[in-house]
Amino acid sequence: MPSSGLGGKCLSKMFRINYILIISWFFLAACNRTEIMSDSVYGDPGDGIDSIPVEAVLAEPANYTDRIMAVAGTVHEVCQVNGCWLMLRSLETGDGLRVHTEIEESGEYVYTVPTDISGRHAVVFGTLSVTEEDMEAHFQEDAPGKDPALTMIASGVRVSPEETR
């Protein structure tokens with residue numbers, strides 16, 4: 001029996017429909033593509049160091065004092081004069097610690113952070129310690145009345161591009 005060619009036409013039509021669907025999917029995917037923004041890094045990026053939530057550090061500061069570490073939290077305030085310090089806080093409790101940028105022997109800051117990063121998630125890399133008097137005096141000039149007992153001298157800060165809510 002001669003074939004009517006109907007099967008071949010159906011396959012050809014299905015192939016065209018699948019082809020159109022695949023091309024359409026690629027086109028839509030390209031149109032919906034979102035730009036992936038990366039974190040901003042100031043100072044040493046602290047690669048390879050696992051971060052500890054600021055809540056854990058504040059709950060048991062003796063376990064973390066005087067060691068190099070990475071602490072994660074939300075930037076609450078930033079020095080509006082130089083970007084030389086920030087307050088890193090927990091969203092849940094509001095508790096936090098003060099983070100200062102490193103200072104060179106010449107008295108210059110190794111790096112500073114932008115003054116508009118409040119509300120963003122950050123990871124700071126450095127050494128946690130009890131507040132030193134010279135740092136406290138400088139901090140009280142910029143933000144009087146705030147007196148956290150813990151500070152961190154940060155060799156670097158990694159800040160996310162979006163605000164945390």
# chains A, B, ... in the order shown; residues from 1 in each chain; ligands from 1
call {"tool": "residues_around", "arguments": {"residues": "Val57 (chain A)", "least_positions_apart": "3", "cutoff": "10 Å", "atoms": "only C-alpha atoms", "output": "PyMOL selection string"}}
result
chain A and resi 52-54+60-65+71-72+96-97+128+150
call {"tool": "closest_residue", "arguments": {"among": "A:Thr74, A:Thr127, A:Thr115, A:Ser155", "to": "Thr101 (chain A)", "atoms": "only C-alpha atoms"}}
result
A:Ser155
call {"tool": "residues_around", "arguments": {"residues": "Val159 (chain A)", "least_positions_apart": "3", "cutoff": "6 Å", "atoms": "only C-alpha atoms", "output": "list of chain:residue names"}}
result
A:Asp39, A:Ser40, A:Ala122
call {"tool": "residues_around", "arguments": {"residues": "Leu91 (chain A)", "least_positions_apart": "2", "cutoff": "8 Å", "atoms": "only C-alpha atoms", "output": "compact mmCIF listing (two decimals) with N, CA and C atoms, in the first residue's frame"}}
result
# COMPACT_ATOMS: atom_id res chain seq x y z
N GLY A 73 26.64 40.57 59.56
CA GLY A 73 25.50 41.26 60.14
C GLY A 73 25.01 42.33 59.18
N THR A 74 24.20 43.24 59.70
CA THR A 74 23.65 44.32 58.89
C THR A 74 24.29 45.63 59.32
N ARG A 89 25.08 45.20 63.08
CA ARG A 89 24.04 44.79 64.01
C ARG A 89 23.31 43.54 63.53
N THR A 93 17.91 41.20 67.04
CA THR A 93 18.02 41.78 68.37
C THR A 93 18.36 43.27 68.36
N GLY A 94 18.96 43.75 67.31
CA GLY A 94 19.40 45.14 67.27
C GLY A 94 20.73 45.37 67.94
call {"tool": "atom_distance", "arguments": {"atom1": "CA of Ser38 (chain A)", "atom2": "CA of Val78 (chain A)"}}
result
20.7 Å
call {"tool": "select_by_dssp", "arguments": {"residues": "region 49-142 of chain A", "states": "alpha helix (DSSP H)", "output": "mmCIF file with N, CA, C and O atoms, in the first residue's frame"}}
result
data_model
loop_
_atom_site.group_PDB
_atom_site.id
_atom_site.type_symbol
_atom_site.label_atom_id
_atom_site.label_comp_id
_atom_site.auth_asym_id
_atom_site.auth_seq_id
_atom_site.Cartn_x
_atom_site.Cartn_y
_atom_site.Cartn_z
ATOM 1 N N VAL A 54 26.811 37.957 63.850
ATOM 2 C CA VAL A 54 27.100 38.912 64.921
ATOM 3 C C VAL A 54 26.392 38.508 66.213
ATOM 4 O O VAL A 54 26.931 38.712 67.304
ATOM 5 N N GLU A 55 25.225 37.872 66.135
ATOM 6 C CA GLU A 55 24.510 37.427 67.330
ATOM 7 C C GLU A 55 25.339 36.438 68.142
ATOM 8 O O GLU A 55 25.360 36.502 69.368
ATOM 9 N N ALA A 56 26.007 35.514 67.466
ATOM 10 C CA ALA A 56 26.822 34.509 68.151
ATOM 11 C C ALA A 56 28.009 35.160 68.848
ATOM 12 O O ALA A 56 28.358 34.798 69.976
ATOM 13 N N VAL A 57 28.618 36.125 68.181
ATOM 14 C CA VAL A 57 29.769 36.822 68.760
ATOM 15 C C VAL A 57 29.349 37.604 70.001
ATOM 16 O O VAL A 57 30.014 37.571 71.031
ATOM 17 N N LEU A 58 28.219 38.292 69.922
ATOM 18 C CA LEU A 58 27.750 39.092 71.048
ATOM 19 C C LEU A 58 27.276 38.226 72.214
ATOM 20 O O LEU A 58 27.374 38.628 73.370
ATOM 21 N N ALA A 59 26.781 37.031 71.918
ATOM 22 C CA ALA A 59 26.308 36.133 72.970
ATOM 23 C C ALA A 59 27.459 35.584 73.806
ATOM 24 O O ALA A 59 27.303 35.387 75.010
ATOM 25 N N GLU A 133 40.683 52.981 74.490
ATOM 26 C CA GLU A 133 40.370 54.368 74.813
ATOM 27 C C GLU A 133 40.525 55.320 73.632
ATOM 28 O O GLU A 133 39.682 56.172 73.419
ATOM 29 N N ASP A 134 41.601 55.185 72.844
ATOM 30 C CA ASP A 134 41.794 56.112 71.725
ATOM 31 C C ASP A 134 40.711 55.936 70.669
ATOM 32 O O ASP A 134 40.237 56.901 70.083
ATOM 33 N N MET A 135 40.287 54.705 70.439
ATOM 34 C CA MET A 135 39.194 54.464 69.495
ATOM 35 C C MET A 135 37.893 55.021 70.042
ATOM 36 O O MET A 135 37.085 55.577 69.333
ATOM 37 N N GLU A 136 37.683 54.850 71.348
ATOM 38 C CA GLU A 136 36.459 55.340 71.972
ATOM 39 C C GLU A 136 36.373 56.858 71.852
ATOM 40 O O GLU A 136 35.321 57.405 71.533
ATOM 41 N N ALA A 137 37.479 57.563 72.076
ATOM 42 C CA ALA A 137 37.475 59.023 71.976
ATOM 43 C C ALA A 137 37.124 59.464 70.556
ATOM 44 O O ALA A 137 36.310 60.361 70.357
ATOM 45 N N HIS A 138 37.721 58.810 69.560
ATOM 46 C CA HIS A 138 37.423 59.156 68.161
ATOM 47 C C HIS A 138 35.962 58.860 67.838
ATOM 48 O O HIS A 138 35.277 59.663 67.218
ATOM 49 N N PHE A 139 35.473 57.723 68.300
ATOM 50 C CA PHE A 139 34.099 57.348 68.010
ATOM 51 C C PHE A 139 33.125 58.320 68.665
ATOM 52 O O PHE A 139 32.126 58.698 68.071
ATOM 53 N N GLN A 140 33.402 58.734 69.887
ATOM 54 C CA GLN A 140 32.505 59.652 70.583
ATOM 55 C C GLN A 140 32.442 61.016 69.898
ATOM 56 O O GLN A 140 31.436 61.709 69.982
ATOM 57 N N GLU A 141 33.496 61.404 69.164
ATOM 58 C CA GLU A 141 33.448 62.637 68.374
ATOM 59 C C GLU A 141 32.397 62.524 67.278
ATOM 60 O O GLU A 141 31.650 63.455 67.015
ATOM 61 N N ASP A 142 32.354 61.379 66.627
ATOM 62 C CA ASP A 142 31.461 61.172 65.485
ATOM 63 C C ASP A 142 30.061 60.722 65.878
ATOM 64 O O ASP A 142 29.097 61.021 65.186
#
call {"tool": "residues_around", "arguments": {"residues": "Ala70 (chain A)", "least_positions_apart": "6", "cutoff": "8 Å", "atoms": "only C-alpha atoms", "output": "list in words"}}
result
Gly46, Ile49, Asp50, Ser51, Ile52, Val123, Val124, Phe125 and Gly126 of chain A
call {"tool": "write_last_selection", "arguments": {"atoms": "N, CA and C atoms", "output": "tab-separated table (two decimals), in the first residue's frame"}}
result
chain	number	residue	atom	x	y	z
A	46	GLY	N	39.29	38.84	52.74
A	46	GLY	CA	39.13	37.76	53.72
A	46	GLY	C	38.67	36.45	53.12
A	49	ILE	N	37.62	32.58	54.78
A	49	ILE	CA	37.28	32.61	56.20
A	49	ILE	C	35.77	32.50	56.33
A	50	ASP	N	35.30	31.51	57.08
A	50	ASP	CA	33.86	31.35	57.31
A	50	ASP	C	33.39	32.44	58.27
A	51	SER	N	32.24	33.04	57.97
A	51	SER	CA	31.74	34.11	58.82
A	51	SER	C	30.86	33.56	59.95
A	52	ILE	N	30.86	34.30	61.04
A	52	ILE	CA	30.07	33.97	62.22
A	52	ILE	C	29.03	35.08	62.36
A	123	VAL	N	30.01	41.51	55.74
A	123	VAL	CA	30.91	40.61	56.46
A	123	VAL	C	32.19	41.40	56.68
A	124	VAL	N	32.60	41.50	57.95
A	124	VAL	CA	33.82	42.23	58.28
A	124	VAL	C	34.89	41.23	58.70
A	125	PHE	N	36.14	41.50	58.31
A	125	PHE	CA	37.26	40.60	58.58
A	125	PHE	C	38.25	41.34	59.47
A	126	GLY	N	38.60	40.75	60.59
A	126	GLY	CA	39.56	41.41	61.46
A	126	GLY	C	39.63	40.76	62.82
call {"tool": "residues_around", "arguments": {"residues": "region 103-113 of chain A", "least_positions_apart": "4", "cutoff": "7 Å", "atoms": "only C-alpha atoms", "output": "list in words"}}
result
Tyr42, Gly43, Asn82, Gly83 and Cys84 of chain A
call {"tool": "write_last_selection", "arguments": {"atoms": "C-alpha atoms", "output": "PDB file, in the first residue's frame"}}
result
ATOM      1  CA  TYR A  42      36.989  47.352  50.808  1.00  0.00           C
ATOM      2  CA  GLY A  43      40.415  46.367  52.097  1.00  0.00           C
ATOM      3  CA  ASN A  82      35.294  59.547  56.593  1.00  0.00           C
ATOM      4  CA  GLY A  83      33.615  56.125  56.373  1.00  0.00           C
ATOM      5  CA  CYS A  84      36.193  54.951  58.927  1.00  0.00           C
TER       6      CYS A  84
END
call {"tool": "closest_residue", "arguments": {"among": "A:Gly119, A:Ser129, A:Met152, A:His100", "to": "Leu86 (chain A)", "atoms": "only C-alpha atoms"}}
result
A:His100
call {"tool": "select_by_dssp", "arguments": {"residues": "region 45-165 of chain A", "states": "strand (DSSP E or B)", "output": "ChimeraX atom specification"}}
result
/A:51-53,65,68-78,85-89,96-101,103,109,120-130,150-163
